[in-house]
file final-v8.cif (mmCIF, C-alpha atoms)
data_run
loop_
_atom_site.label_atom_id
_atom_site.label_comp_id
_atom_site.auth_asym_id
_atom_site.auth_seq_id
_atom_site.Cartn_x
_atom_site.Cartn_y
_atom_site.Cartn_z
CA MET H 1 135.97 138.92 79.70
CA ALA H 2 136.67 136.39 82.46
CA ARG H 3 134.70 138.50 84.94
CA TRP H 4 131.57 138.09 82.82
CA LEU H 5 132.26 134.48 81.83
CA ARG H 6 132.27 132.97 85.31
CA PRO H 7 128.73 134.07 86.30
CA LEU H 8 127.45 132.92 82.90
CA VAL H 9 128.99 129.46 83.23
CA GLY H 10 127.75 129.16 86.79
CA ALA H 11 124.25 130.18 85.81
CA LEU H 12 124.16 127.56 83.08
CA LEU H 13 125.12 124.89 85.61
CA LEU H 14 122.14 125.89 87.75
CA LEU H 15 119.54 125.98 84.99
CA GLU H 16 119.24 122.25 84.45
CA GLY H 17 116.35 120.87 86.46
CA ALA H 18 115.68 124.06 88.43
CA ALA H 19 112.69 123.50 90.68
CA ALA H 20 109.44 125.47 90.56
CA LEU H 21 109.28 127.46 93.79
CA SER H 22 106.49 129.36 95.50
CA PHE H 23 107.05 133.11 95.34
CA LEU H 24 105.12 134.39 98.33
CA HIS H 25 105.73 136.56 101.38
CA HIS H 26 106.06 134.33 104.44
CA ARG H 27 104.81 135.39 107.85
CA TYR H 28 106.63 133.91 110.86
CA GLU H 29 104.59 130.68 111.08
CA GLU H 30 104.89 130.18 107.32
CA LEU H 31 108.64 130.82 107.45
CA VAL H 32 109.06 128.17 110.14
CA GLN H 33 106.99 125.71 108.12
CA ALA H 34 109.08 126.40 105.01
CA LEU H 35 112.33 125.74 106.90
CA PHE H 36 111.09 122.49 108.39
CA ARG H 37 109.74 121.42 105.00
CA VAL H 38 113.22 121.80 103.51
CA GLN H 39 114.72 119.90 106.43
CA SER H 40 112.25 117.03 105.95
CA GLN H 41 113.05 116.88 102.22
CA CYS H 42 116.82 116.81 102.77
CA PRO H 43 117.19 115.27 106.24
CA TYR H 44 120.71 113.94 105.73
CA VAL H 45 122.32 117.24 104.74
CA THR H 46 120.33 119.75 106.80
CA ARG H 47 119.72 120.73 110.40
CA ILE H 48 117.53 123.40 112.00
CA TYR H 49 118.60 125.12 115.19
CA SER H 50 117.65 128.27 117.06
CA ILE H 51 120.26 130.75 118.29
CA GLY H 52 117.81 132.42 120.68
CA ARG H 53 114.54 134.35 120.75
CA SER H 54 113.39 137.81 119.78
CA VAL H 55 111.92 140.34 122.21
CA GLU H 56 108.45 138.87 121.60
CA GLY H 57 109.67 135.30 121.93
CA ARG H 58 109.99 134.23 118.30
CA HIS H 59 112.82 131.81 117.55
CA LEU H 60 115.76 133.02 115.50
CA TYR H 61 116.02 129.91 113.36
CA VAL H 62 119.02 128.85 111.29
CA LEU H 63 118.99 126.19 108.57
CA GLU H 64 122.32 124.44 108.16
CA PHE H 65 123.51 122.59 105.05
CA SER H 66 126.40 120.14 105.42
CA ASP H 67 127.26 116.54 104.61
CA TYR H 68 127.62 116.13 108.39
CA PRO H 69 125.00 118.49 109.88
CA GLY H 70 125.78 119.69 113.37
CA ILE H 71 129.47 118.79 113.12
CA HIS H 72 132.44 120.99 112.29
CA GLU H 73 134.80 119.05 110.06
CA PRO H 74 138.43 120.16 110.24
CA LEU H 75 139.44 122.24 107.21
CA GLU H 76 135.81 122.70 106.11
CA PRO H 77 134.94 126.43 106.27
CA GLU H 78 131.82 127.82 107.93
CA PHE H 79 129.67 130.29 105.95
CA LYS H 80 126.56 132.27 106.91
CA TYR H 81 123.79 134.38 105.38
CA VAL H 82 121.65 136.63 107.58
CA GLY H 83 118.45 138.24 106.30
CA ASN H 84 115.73 140.61 107.49
CA MET H 85 117.86 142.41 110.07
CA HIS H 86 115.61 145.38 109.42
CA GLY H 87 112.08 144.01 109.69
CA ASN H 88 110.69 145.99 106.76
CA GLU H 89 113.50 145.02 104.37
CA VAL H 90 112.03 141.72 103.32
CA LEU H 91 113.55 140.63 100.02
CA GLY H 92 116.57 139.01 101.70
CA ARG H 93 114.23 136.97 103.89
CA GLU H 94 112.40 135.58 100.87
CA LEU H 95 115.58 135.02 98.85
CA LEU H 96 117.12 132.96 101.66
CA LEU H 97 114.01 130.80 101.83
CA GLN H 98 114.21 130.34 98.07
CA LEU H 99 117.93 129.55 98.33
CA SER H 100 117.23 126.94 101.01
CA GLU H 101 114.65 125.20 98.84
CA PHE H 102 116.93 125.47 95.82
CA LEU H 103 119.98 123.94 97.54
CA CYS H 104 117.90 121.05 98.81
CA GLU H 105 116.19 120.38 95.48
CA GLU H 106 119.38 120.61 93.44
CA TYR H 107 121.20 118.34 95.88
CA ARG H 108 118.46 115.75 95.49
CA ARG H 109 118.72 116.08 91.70
CA GLY H 110 122.46 115.40 91.86
CA ASN H 111 123.57 118.84 90.65
CA GLU H 112 127.35 118.46 90.74
CA ARG H 113 128.08 122.07 91.65
CA ILE H 114 125.59 122.19 94.52
CA THR H 115 126.58 118.75 95.81
CA ARG H 116 130.24 119.78 95.92
CA LEU H 117 129.34 123.03 97.65
CA ILE H 118 127.36 121.28 100.40
CA HIS H 119 130.00 118.58 100.88
CA ASP H 120 132.87 121.08 101.10
CA THR H 121 131.18 123.89 103.05
CA ARG H 122 129.12 124.17 106.21
CA ILE H 123 126.42 126.69 105.24
CA HIS H 124 124.24 128.47 107.82
CA ILE H 125 121.17 130.39 106.63
CA MET H 126 119.18 132.69 108.95
CA PRO H 127 116.25 134.09 106.95
CA SER H 128 115.14 136.52 109.67
CA MET H 129 117.12 138.21 112.43
CA ASN H 130 114.18 140.51 113.23
CA PRO H 131 110.95 138.48 113.05
CA ASP H 132 109.10 140.90 115.35
CA GLY H 133 109.79 143.88 113.11
CA TYR H 134 108.75 141.87 110.07
CA GLU H 135 105.33 141.13 111.53
CA VAL H 136 104.76 144.86 112.07
CA ALA H 137 105.75 145.62 108.47
CA ALA H 138 103.77 142.72 107.05
CA LYS H 139 100.52 143.93 108.63
CA GLN H 140 100.68 146.96 106.35
CA GLY H 141 101.91 144.93 103.40
CA PRO H 142 103.83 145.99 100.30
CA ASP H 143 101.40 148.69 99.11
CA SER H 144 101.17 150.86 102.22
CA ASN H 145 104.34 149.98 104.10
CA GLY H 146 106.06 153.03 105.55
CA TYR H 147 109.76 153.64 105.09
CA LEU H 148 110.46 152.97 108.78
CA THR H 149 107.47 150.84 109.76
CA GLY H 150 108.81 147.59 111.21
CA ARG H 151 112.45 148.52 110.66
CA ASN H 152 113.39 148.22 114.34
CA ASN H 153 112.83 145.38 116.78
CA ALA H 154 109.94 145.26 119.28
CA ASN H 155 111.85 147.57 121.63
CA GLY H 156 112.20 150.16 118.89
CA VAL H 157 115.93 149.58 118.43
CA ASP H 158 117.72 149.48 115.10
CA LEU H 159 119.65 146.21 115.29
CA ASN H 160 122.28 147.44 112.83
CA ARG H 161 123.19 150.21 115.28
CA ASN H 162 123.21 147.92 118.32
CA PHE H 163 126.51 146.01 118.25
CA PRO H 164 129.39 147.07 120.53
CA ASP H 165 131.39 149.88 118.94
CA LEU H 166 134.72 148.17 118.33
CA ASN H 167 135.72 150.58 115.55
CA THR H 168 136.51 153.36 117.99
CA LEU H 169 138.55 150.98 120.14
CA MET H 170 140.35 149.71 117.04
CA TYR H 171 141.19 153.20 115.77
CA TYR H 172 142.71 154.10 119.13
CA SER H 173 144.42 150.72 119.35
CA ARG H 174 146.24 151.43 116.10
CA GLU H 175 147.79 154.53 117.62
CA ILE H 176 149.27 152.56 120.51
CA SER H 177 150.17 149.43 118.49
CA GLY H 178 147.41 147.44 120.15
CA PRO H 179 145.59 144.36 118.83
CA ASN H 180 144.42 144.37 115.21
CA HIS H 181 141.97 141.49 115.55
CA HIS H 182 139.51 140.09 118.10
CA ILE H 183 139.12 143.47 119.77
CA PRO H 184 137.89 142.81 123.34
CA LEU H 185 134.29 143.66 124.21
CA PRO H 186 133.40 146.35 126.76
CA ASP H 187 132.81 144.93 130.24
CA ASN H 188 129.12 145.96 130.25
CA TRP H 189 128.32 145.03 126.64
CA LYS H 190 125.49 142.60 127.45
CA SER H 191 123.46 145.34 129.12
CA GLN H 192 123.75 147.51 126.00
CA VAL H 193 122.43 145.13 123.35
CA GLU H 194 119.03 143.73 122.40
CA PRO H 195 118.09 140.04 122.70
CA GLU H 196 118.49 139.54 118.95
CA THR H 197 121.92 141.18 118.96
CA LEU H 198 123.01 139.17 121.98
CA ALA H 199 121.93 135.96 120.28
CA VAL H 200 123.92 136.79 117.13
CA ILE H 201 127.05 137.72 119.09
CA GLN H 202 126.90 134.44 121.01
CA TRP H 203 126.26 132.61 117.74
CA ILE H 204 129.25 134.04 115.89
CA SER H 205 131.39 133.44 118.98
CA SER H 206 130.45 129.74 118.90
CA TYR H 207 131.19 129.05 115.23
CA ASN H 208 134.41 129.87 113.40
CA PHE H 209 132.71 131.63 110.50
CA VAL H 210 134.99 132.56 107.61
CA LEU H 211 132.70 134.49 105.25
CA SER H 212 129.26 136.07 105.57
CA ALA H 213 126.76 138.46 104.04
CA ASN H 214 123.78 140.21 105.57
CA LEU H 215 120.91 141.07 103.24
CA HIS H 216 119.16 144.44 103.27
CA GLY H 217 116.95 146.58 101.00
CA GLY H 218 116.45 150.19 99.96
CA ALA H 219 119.34 150.30 97.46
CA VAL H 220 121.13 147.95 95.05
CA VAL H 221 124.81 147.70 95.93
CA ALA H 222 127.34 145.40 97.60
CA ASN H 223 128.70 147.28 100.61
CA TYR H 224 131.96 146.34 102.34
CA PRO H 225 133.70 147.53 105.55
CA PHE H 226 134.58 149.68 107.21
CA ASP H 227 131.14 151.15 107.72
CA LYS H 228 132.34 153.62 110.34
CA SER H 229 134.64 156.50 109.43
CA GLN H 230 137.77 156.98 111.47
CA ASP H 231 137.57 160.75 111.20
CA GLN H 232 135.58 161.86 114.25
CA ARG H 233 135.51 165.55 113.33
CA PHE H 234 132.63 165.12 110.90
CA ARG H 235 129.14 165.15 112.41
CA SER H 236 127.01 165.67 109.31
CA HIS H 237 124.17 163.33 108.37
CA ARG H 238 125.83 161.81 105.28
CA ARG H 239 129.59 162.17 105.35
CA THR H 240 131.65 160.39 102.74
CA VAL H 241 135.09 159.45 104.01
CA ASN H 242 136.51 156.29 102.45
CA THR H 243 137.66 154.09 105.33
CA PRO H 244 139.24 150.86 104.06
CA THR H 245 140.17 147.82 106.10
CA PRO H 246 143.64 146.24 105.83
CA ASP H 247 141.87 143.70 103.55
CA ASP H 248 140.37 146.36 101.27
CA LYS H 249 141.33 144.75 97.95
CA LEU H 250 139.98 141.41 99.10
CA PHE H 251 136.70 142.98 100.23
CA GLN H 252 136.35 144.73 96.88
CA LYS H 253 136.81 141.41 95.14
CA LEU H 254 134.19 139.75 97.35
CA ALA H 255 131.72 142.56 96.68
CA LYS H 256 132.35 142.39 92.93
CA THR H 257 131.80 138.65 92.96
CA TYR H 258 128.22 139.31 94.04
CA SER H 259 127.60 142.42 91.95
CA TYR H 260 128.81 140.89 88.68
CA ALA H 261 126.94 137.65 89.25
CA HIS H 262 123.79 139.70 89.89
CA SER H 263 121.67 140.56 86.86
CA TRP H 264 122.01 144.33 87.15
CA MET H 265 123.81 145.37 90.36
CA HIS H 266 127.16 145.71 88.54
CA ARG H 267 125.76 148.30 86.12
CA GLY H 268 126.05 150.91 88.85
CA TRP H 269 122.93 153.00 88.22
CA ASN H 270 120.19 151.78 90.57
CA CYS H 271 117.54 153.49 92.71
CA GLY H 272 118.75 156.92 91.61
CA ASP H 273 122.30 156.28 92.88
CA TYR H 274 125.47 155.36 91.06
CA PHE H 275 128.10 152.98 92.46
CA ALA H 276 130.98 151.98 90.19
CA ASP H 277 130.89 148.21 89.62
CA GLY H 278 127.86 148.10 91.94
CA ILE H 279 130.02 148.17 95.08
CA THR H 280 130.92 150.71 97.76
CA ASN H 281 132.99 151.12 100.87
CA GLY H 282 130.50 151.66 103.70
CA ALA H 283 131.96 154.83 105.16
CA SER H 284 132.47 156.22 101.66
CA TRP H 285 128.70 155.95 101.22
CA TYR H 286 127.91 157.20 104.73
CA SER H 287 129.34 156.43 108.15
CA LEU H 288 127.48 153.92 110.29
CA SER H 289 128.31 153.19 113.92
CA LYS H 290 127.79 149.89 115.77
CA GLY H 291 127.00 147.94 112.60
CA MET H 292 127.10 144.17 112.23
CA GLN H 293 129.58 143.81 109.36
CA ASP H 294 132.32 145.82 111.07
CA PHE H 295 131.70 143.88 114.28
CA ASN H 296 132.21 140.57 112.47
CA TYR H 297 135.56 141.69 111.10
CA LEU H 298 136.85 143.19 114.34
CA TYR H 299 135.62 140.59 116.83
CA THR H 300 135.76 137.30 114.91
CA ASN H 301 137.56 135.66 111.98
CA CYS H 302 134.58 136.38 109.73
CA PHE H 303 134.70 138.64 106.68
CA GLU H 304 131.20 140.05 106.15
CA ILE H 305 129.68 142.34 103.54
CA THR H 306 126.25 143.96 103.38
CA LEU H 307 124.07 143.34 100.33
CA GLU H 308 121.47 145.99 99.44
CA LEU H 309 119.20 144.10 97.07
CA SER H 310 116.18 146.15 96.06
CA CYS H 311 115.01 149.75 95.69
CA ASN H 312 111.68 148.70 97.21
CA LYS H 313 112.14 147.53 100.78
CA PHE H 314 108.91 145.44 100.64
CA PRO H 315 108.49 144.41 97.00
CA PRO H 316 105.14 142.96 95.87
CA GLU H 317 104.85 139.20 95.45
CA GLU H 318 104.70 139.48 91.67
CA ASP H 319 108.27 140.84 91.72
CA LEU H 320 109.76 138.06 93.85
CA GLU H 321 110.41 135.60 91.03
CA ARG H 322 112.28 138.23 88.98
CA GLN H 323 114.35 139.13 92.03
CA TRP H 324 115.14 135.48 92.71
CA MET H 325 116.36 134.93 89.17
CA ALA H 326 118.50 138.09 89.45
CA ASN H 327 120.13 136.95 92.71
CA ARG H 328 120.27 133.15 92.43
CA GLU H 329 123.66 132.82 90.78
CA ALA H 330 125.12 135.60 92.94
CA LEU H 331 123.99 133.90 96.15
CA VAL H 332 125.69 130.65 95.14
CA ALA H 333 128.82 132.29 93.71
CA PHE H 334 129.36 134.29 96.90
CA ILE H 335 129.27 131.13 99.03
CA GLU H 336 131.96 129.66 96.78
CA GLU H 337 134.24 132.60 97.65
CA VAL H 338 134.84 130.99 101.06
CA HIS H 339 137.15 128.58 99.24
CA GLN H 340 140.09 130.87 98.49
CA GLY H 341 143.32 131.94 100.17
CA ILE H 342 145.05 129.54 102.55
CA LYS H 343 143.91 127.07 105.17
CA GLY H 344 145.51 124.42 107.30
CA MET H 345 146.12 122.96 110.74
CA VAL H 346 148.14 124.47 113.57
CA SER H 347 149.40 121.67 115.79
CA ASP H 348 152.06 120.84 118.34
CA GLU H 349 154.84 118.30 117.95
CA ASN H 350 152.43 115.51 118.91
CA ASN H 351 149.94 116.57 116.20
CA ASN H 352 147.47 117.95 118.71
CA GLY H 353 145.55 120.92 117.33
CA ILE H 354 146.32 124.30 118.88
CA ALA H 355 143.26 126.50 119.34
CA GLY H 356 143.59 130.27 119.26
CA ALA H 357 146.87 130.35 117.37
CA VAL H 358 147.39 133.67 115.60
CA ILE H 359 147.87 133.65 111.83
CA SER H 360 149.62 136.80 110.59
CA VAL H 361 150.19 137.78 106.96
CA GLN H 362 153.08 140.13 106.32
CA GLY H 363 151.86 143.44 104.93
CA ILE H 364 148.23 142.97 106.07
CA SER H 365 147.67 144.28 109.59
CA HIS H 366 144.71 142.07 110.42
CA ASP H 367 145.25 138.63 111.93
CA ILE H 368 142.93 135.67 112.33
CA THR H 369 143.04 132.76 114.78
CA SER H 370 142.74 129.00 114.60
CA GLY H 371 139.54 127.30 115.71
CA ASP H 372 138.93 124.82 118.51
CA MET H 373 140.41 121.96 116.50
CA GLY H 374 143.44 123.93 115.41
CA ASP H 375 142.26 124.53 111.85
CA TYR H 376 142.39 128.02 110.36
CA PHE H 377 141.10 129.76 107.23
CA ARG H 378 142.65 132.95 105.86
CA LEU H 379 140.94 134.53 102.83
CA LEU H 380 143.55 136.03 100.48
CA LEU H 381 143.78 137.19 96.89
CA PRO H 382 146.10 135.31 94.51
CA GLY H 383 149.74 136.12 95.18
CA THR H 384 152.77 135.16 97.25
CA TYR H 385 152.62 135.75 101.01
CA THR H 386 154.80 135.42 104.09
CA VAL H 387 152.66 133.88 106.82
CA THR H 388 153.46 133.37 110.51
CA ALA H 389 151.66 131.17 113.04
CA SER H 390 152.21 131.91 116.72
CA ALA H 391 150.71 130.69 119.98
CA GLU H 392 151.46 131.23 123.63
CA GLY H 393 154.05 128.76 124.86
CA TYR H 394 155.28 127.90 121.34
CA GLN H 395 157.96 129.16 119.00
CA PRO H 396 156.45 131.06 116.05
CA LEU H 397 156.86 129.57 112.59
CA THR H 398 157.02 131.56 109.35
CA VAL H 399 156.56 130.21 105.81
CA THR H 400 156.21 131.65 102.32
CA THR H 401 153.35 130.38 100.20
CA THR H 402 151.70 131.15 96.88
CA VAL H 403 147.93 131.46 96.53
CA GLY H 404 146.34 130.58 93.22
CA PRO H 405 143.02 131.71 91.73
CA ALA H 406 141.19 128.46 92.36
CA ALA H 407 141.22 126.24 95.46
CA PRO H 408 142.87 127.44 98.69
CA SER H 409 146.50 126.56 99.32
CA LEU H 410 147.01 124.06 102.14
CA VAL H 411 149.57 125.37 104.65
CA HIS H 412 150.07 123.48 107.92
CA PHE H 413 152.05 124.72 110.92
CA GLN H 414 153.63 122.41 113.49
CA LEU H 415 154.86 124.53 116.36
CA LYS H 416 157.59 123.59 118.78
CA GLN H 417 157.26 124.37 122.46
CA GLU H 418 159.04 127.48 123.61
CA VAL H 419 162.18 127.01 125.64
CA VAL H 420 161.51 128.21 129.19
CA ARG H 421 164.21 130.62 130.30
CA LYS H 422 165.24 131.46 133.82
CA PRO H 423 163.74 134.66 135.28
CA ALA H 424 167.08 136.49 135.08
CA GLU H 425 167.32 135.76 131.36
CA ARG H 426 163.91 137.15 130.49
CA LYS H 427 163.70 140.58 129.00
CA ALA H 428 161.25 143.05 130.41
CA SER H 429 158.07 142.94 128.38
CA GLY H 430 156.23 146.02 127.09
CA THR H 431 153.03 147.37 128.57
CA ARG H 432 150.13 145.08 127.79
CA VAL H 433 147.15 146.69 126.13
CA ASN H 434 143.83 145.45 127.44
CA ASN H 435 140.20 146.39 126.98
CA LYS H 436 140.08 148.70 130.01
CA THR H 437 143.11 150.62 128.72
CA LEU H 438 141.39 151.15 125.39
CA GLN H 439 138.06 152.17 126.90
CA LYS H 440 139.57 154.79 129.18
CA LYS H 441 141.02 156.66 126.24
CA VAL H 442 137.99 156.52 123.95
CA VAL H 443 135.05 158.90 123.94
CA PRO H 444 132.00 157.16 122.41
CA ARG H 445 130.36 158.87 119.47
CA ALA H 446 126.79 160.06 119.49
CA THR H 447 124.30 157.77 117.73
CA ARG H 448 123.51 158.84 114.16
CA ARG H 449 120.07 159.00 112.67
CA GLY H 450 118.37 158.58 109.35
CA THR H 451 120.58 156.05 107.58
CA GLN H 452 119.54 153.06 105.51
CA ARG H 453 121.75 150.08 106.32
#
call {"tool": "encode", "arguments": {"input": "final-v8.cif", "output": "structure tokens"}}
result
Amino acid sequence: MARWLRPLVGALLLLEGAAALSFLHHRYEELVQALFRVQSQCPYVTRIYSIGRSVEGRHLYVLEFSDYPGIHEPLEPEFKYVGNMHGNEVLGRELLLQLSEFLCEEYRRGNERITRLIHDTRIHIMPSMNPDGYEVAAKQGPDSNGYLTGRNNANGVDLNRNFPDLNTLMYYSREISGPNHHIPLPDNWKSQVEPETLAVIQWISSYNFVLSANLHGGAVVANYPFDKSQDQRFRSHRRTVNTPTPDDKLFQKLAKTYSYAHSWMHRGWNCGDYFADGITNGASWYSLSKGMQDFNYLYTNCFEITLELSCNKFPPEEDLERQWMANREALVAFIEEVHQGIKGMVSDENNNGIAGAVISVQGISHDITSGDMGDYFRLLLPGTYTVTASAEGYQPLTVTTTVGPAAPSLVHFQLKQEVVRKPAERKASGTRVNNKTLQKKVVPRATRRGTQR
């Protein structure tokens, strides 16, 4: 009952004073105008910035919502939405524009829920990661758009098969007790990625994102990592090997948050497919290599899921309002999921923040790290956990804490400097695992074809 009650209550909170929005497909120039219009209407809580340019020179714009735009506030989590990664999957692009207008309008109206969300969260919205591909798809329009027309970028590359393959390195790393987080990038990674991919990697390396979703089309389901199967023996087109992350239960909960707040995703039967609760493990659906959501989890602190939002990749304009109403509560409720688990500061004995401290949770073999200011955010389900903070040159500190179902628990760590021992007293350390060691032992997989995400 509670699972159904929360979306209903949230939806009621959003109904009062909901603004009339324009439900149109936006070409690049119109998208830019829409973003700057929102920024001009809410100048004190928004900022527009570009993370780079596409192959054809179009800006990859991001609209930020925060009570202090452009500034990371300690203990305030960073959240992001990314749309239109595949140029011909356009609903996410339009929904994120609608969401941007909605957040601004409801903030101006004094909506308590939206005001609290903007004050407590730094929200980054990128409506289009592939503006070049969109323009190709938009020239054909909704009626005659081909299944693949405009999917790739201007160089003909599928951006969701273009991130460095850290899964293979991670699977090998497990066998040799190597790192379970922030897997190092290959030495030549920049030469292997497209301009749009490079811009996103640099973007997520610059912000300590905690939670994210990327919006796609062609199905209706909330997809969570891992996308890539660990079993390398299968080479078939659609293999189904469930490949969970160490945070599998948490990812399922995140996916269900969206699916049950959505008008019909949770029912399971959509687009001729059935997914229980409207969610799926990526590799259980089909294995995908070099995808963005796995990369987020393995290279950064960010937990990302993929949202497939419509059977029709390029729905007609008359369907956009219905789709917005189906997704509005889910889009807001998913942002709110960034406020769960534990968070706090990692500092030294003089209260100086320690960047890059490792936060480990006993029983979950995936660590996260503190940000530049020493603050950290660890998404966790309700329960009791043993948590350790460690940093080079400091003595590790372990605490036990209980996480509730509502706000995150505040857990601070003040680390003492490590006592420097004489060389003769030091024990021989084990072999250090680095990126080159991992790469030598890994044989890259062949690129797959014909998938959706």
call {"tool": "resolve_selection", "arguments": {"input": "final-v8.cif", "expression": "the PyMOL selection byres ((chain H and resi 314-320) around 6)", "output": "mmCIF file with C-alpha atoms, in the frame of the given file"}}
result
data_model
loop_
_atom_site.group_PDB
_atom_site.id
_atom_site.type_symbol
_atom_site.label_atom_id
_atom_site.label_comp_id
_atom_site.auth_asym_id
_atom_site.auth_seq_id
_atom_site.Cartn_x
_atom_site.Cartn_y
_atom_site.Cartn_z
ATOM 1 C CA PHE H 23 107.050 133.110 95.340
ATOM 2 C CA LEU H 24 105.120 134.390 98.330
ATOM 3 C CA GLU H 89 113.500 145.020 104.370
ATOM 4 C CA VAL H 90 112.030 141.720 103.320
ATOM 5 C CA PRO H 142 103.830 145.990 100.300
ATOM 6 C CA ASN H 312 111.680 148.700 97.210
ATOM 7 C CA LYS H 313 112.140 147.530 100.780
ATOM 8 C CA GLU H 321 110.410 135.600 91.030
ATOM 9 C CA ARG H 322 112.280 138.230 88.980
ATOM 10 C CA GLN H 323 114.350 139.130 92.030
#
call {"tool": "atom_distance", "arguments": {"input": "final-v8.cif", "atom1": "atom CA of H:Lys228", "atom2": "atom CA of H:Ser289"}}
result
5.4 Å
call {"tool": "residues_around", "arguments": {"input": "final-v8.cif", "residues": "H:Glu336", "least_positions_apart": "6", "cutoff": "12 Å", "atoms": "only C-alpha atoms", "output": "PyMOL selection string"}}
result
chain H and resi 6-7+10+77-80+113-114+116-123+210-212+254+257-258+329-330+379+406-408
call {"tool": "resolve_selection", "arguments": {"input": "final-v8.cif", "expression": "the PyMOL selection byres ((chain H and resi 85) around 8)", "output": "JSON, numbers by chain"}}
result
{"H": [82, 83, 84, 86, 87, 89, 128, 129, 130, 159, 160, 214, 215, 216]}
call {"tool": "closest_residue", "arguments": {"input": "final-v8.cif", "among": "H:Met345, H:Asn88, H:Asp277, H:Asp367", "to": "H:Gln140", "atoms": "all atoms listed in the file"}}
result
H:Asn88
call {"tool": "resolve_selection", "arguments": {"input": "final-v8.cif", "expression": "the PyMOL selection byres ((chain H and resi 395) around 8)", "output": "list of chain:residue names"}}
result
H:Ser390, H:Ala391, H:Gly393, H:Tyr394, H:Pro396, H:Leu397, H:Leu415, H:Lys416, H:Gln417, H:Glu418
call {"tool": "decode", "arguments": {"input": "final-v8.cif", "residues": "stretch 127-138 of chain H", "atoms": "N, CA, C and O atoms", "output": "tab-separated table (two decimals), in the first residue's frame"}}
result
chain	number	residue	atom	x	y	z
H	127	PRO	N	19.21	18.39	-21.68
H	127	PRO	CA	18.14	17.86	-22.52
H	127	PRO	C	18.64	17.05	-23.71
H	127	PRO	O	17.97	16.12	-24.15
H	128	SER	N	19.81	17.39	-24.24
H	128	SER	CA	20.29	16.69	-25.44
H	128	SER	C	21.79	16.48	-25.40
H	128	SER	O	22.57	17.43	-25.43
H	129	MET	N	22.20	15.21	-25.39
H	129	MET	CA	23.60	14.84	-25.49
H	129	MET	C	24.01	14.65	-26.95
H	129	MET	O	25.19	14.65	-27.27
H	130	ASN	N	23.03	14.52	-27.82
H	130	ASN	CA	23.30	14.25	-29.24
H	130	ASN	C	22.47	15.18	-30.13
H	130	ASN	O	21.58	14.72	-30.86
H	131	PRO	N	22.73	16.49	-30.08
H	131	PRO	CA	21.93	17.42	-30.88
H	131	PRO	C	22.09	17.23	-32.38
H	131	PRO	O	21.15	17.51	-33.14
H	132	ASP	N	23.24	16.74	-32.83
H	132	ASP	CA	23.44	16.52	-34.27
H	132	ASP	C	22.53	15.40	-34.77
H	132	ASP	O	21.87	15.51	-35.81
H	133	GLY	N	22.49	14.29	-34.02
H	133	GLY	CA	21.63	13.19	-34.41
H	133	GLY	C	20.17	13.58	-34.40
H	133	GLY	O	19.39	13.14	-35.26
H	134	TYR	N	19.79	14.41	-33.42
H	134	TYR	CA	18.40	14.86	-33.36
H	134	TYR	C	17.99	15.61	-34.62
H	134	TYR	O	16.88	15.40	-35.14
H	135	GLU	N	18.86	16.48	-35.09
H	135	GLU	CA	18.51	17.27	-36.28
H	135	GLU	C	18.28	16.36	-37.49
H	135	GLU	O	17.41	16.63	-38.32
H	136	VAL	N	19.05	15.29	-37.59
H	136	VAL	CA	18.84	14.33	-38.68
H	136	VAL	C	17.48	13.66	-38.54
H	136	VAL	O	16.72	13.54	-39.51
H	137	ALA	N	17.15	13.23	-37.33
H	137	ALA	CA	15.87	12.57	-37.09
H	137	ALA	C	14.70	13.53	-37.29
H	137	ALA	O	13.66	13.16	-37.84
H	138	ALA	N	14.87	14.77	-36.84
H	138	ALA	CA	13.78	15.74	-36.90
H	138	ALA	C	13.43	16.13	-38.33
H	138	ALA	O	12.30	16.53	-38.61
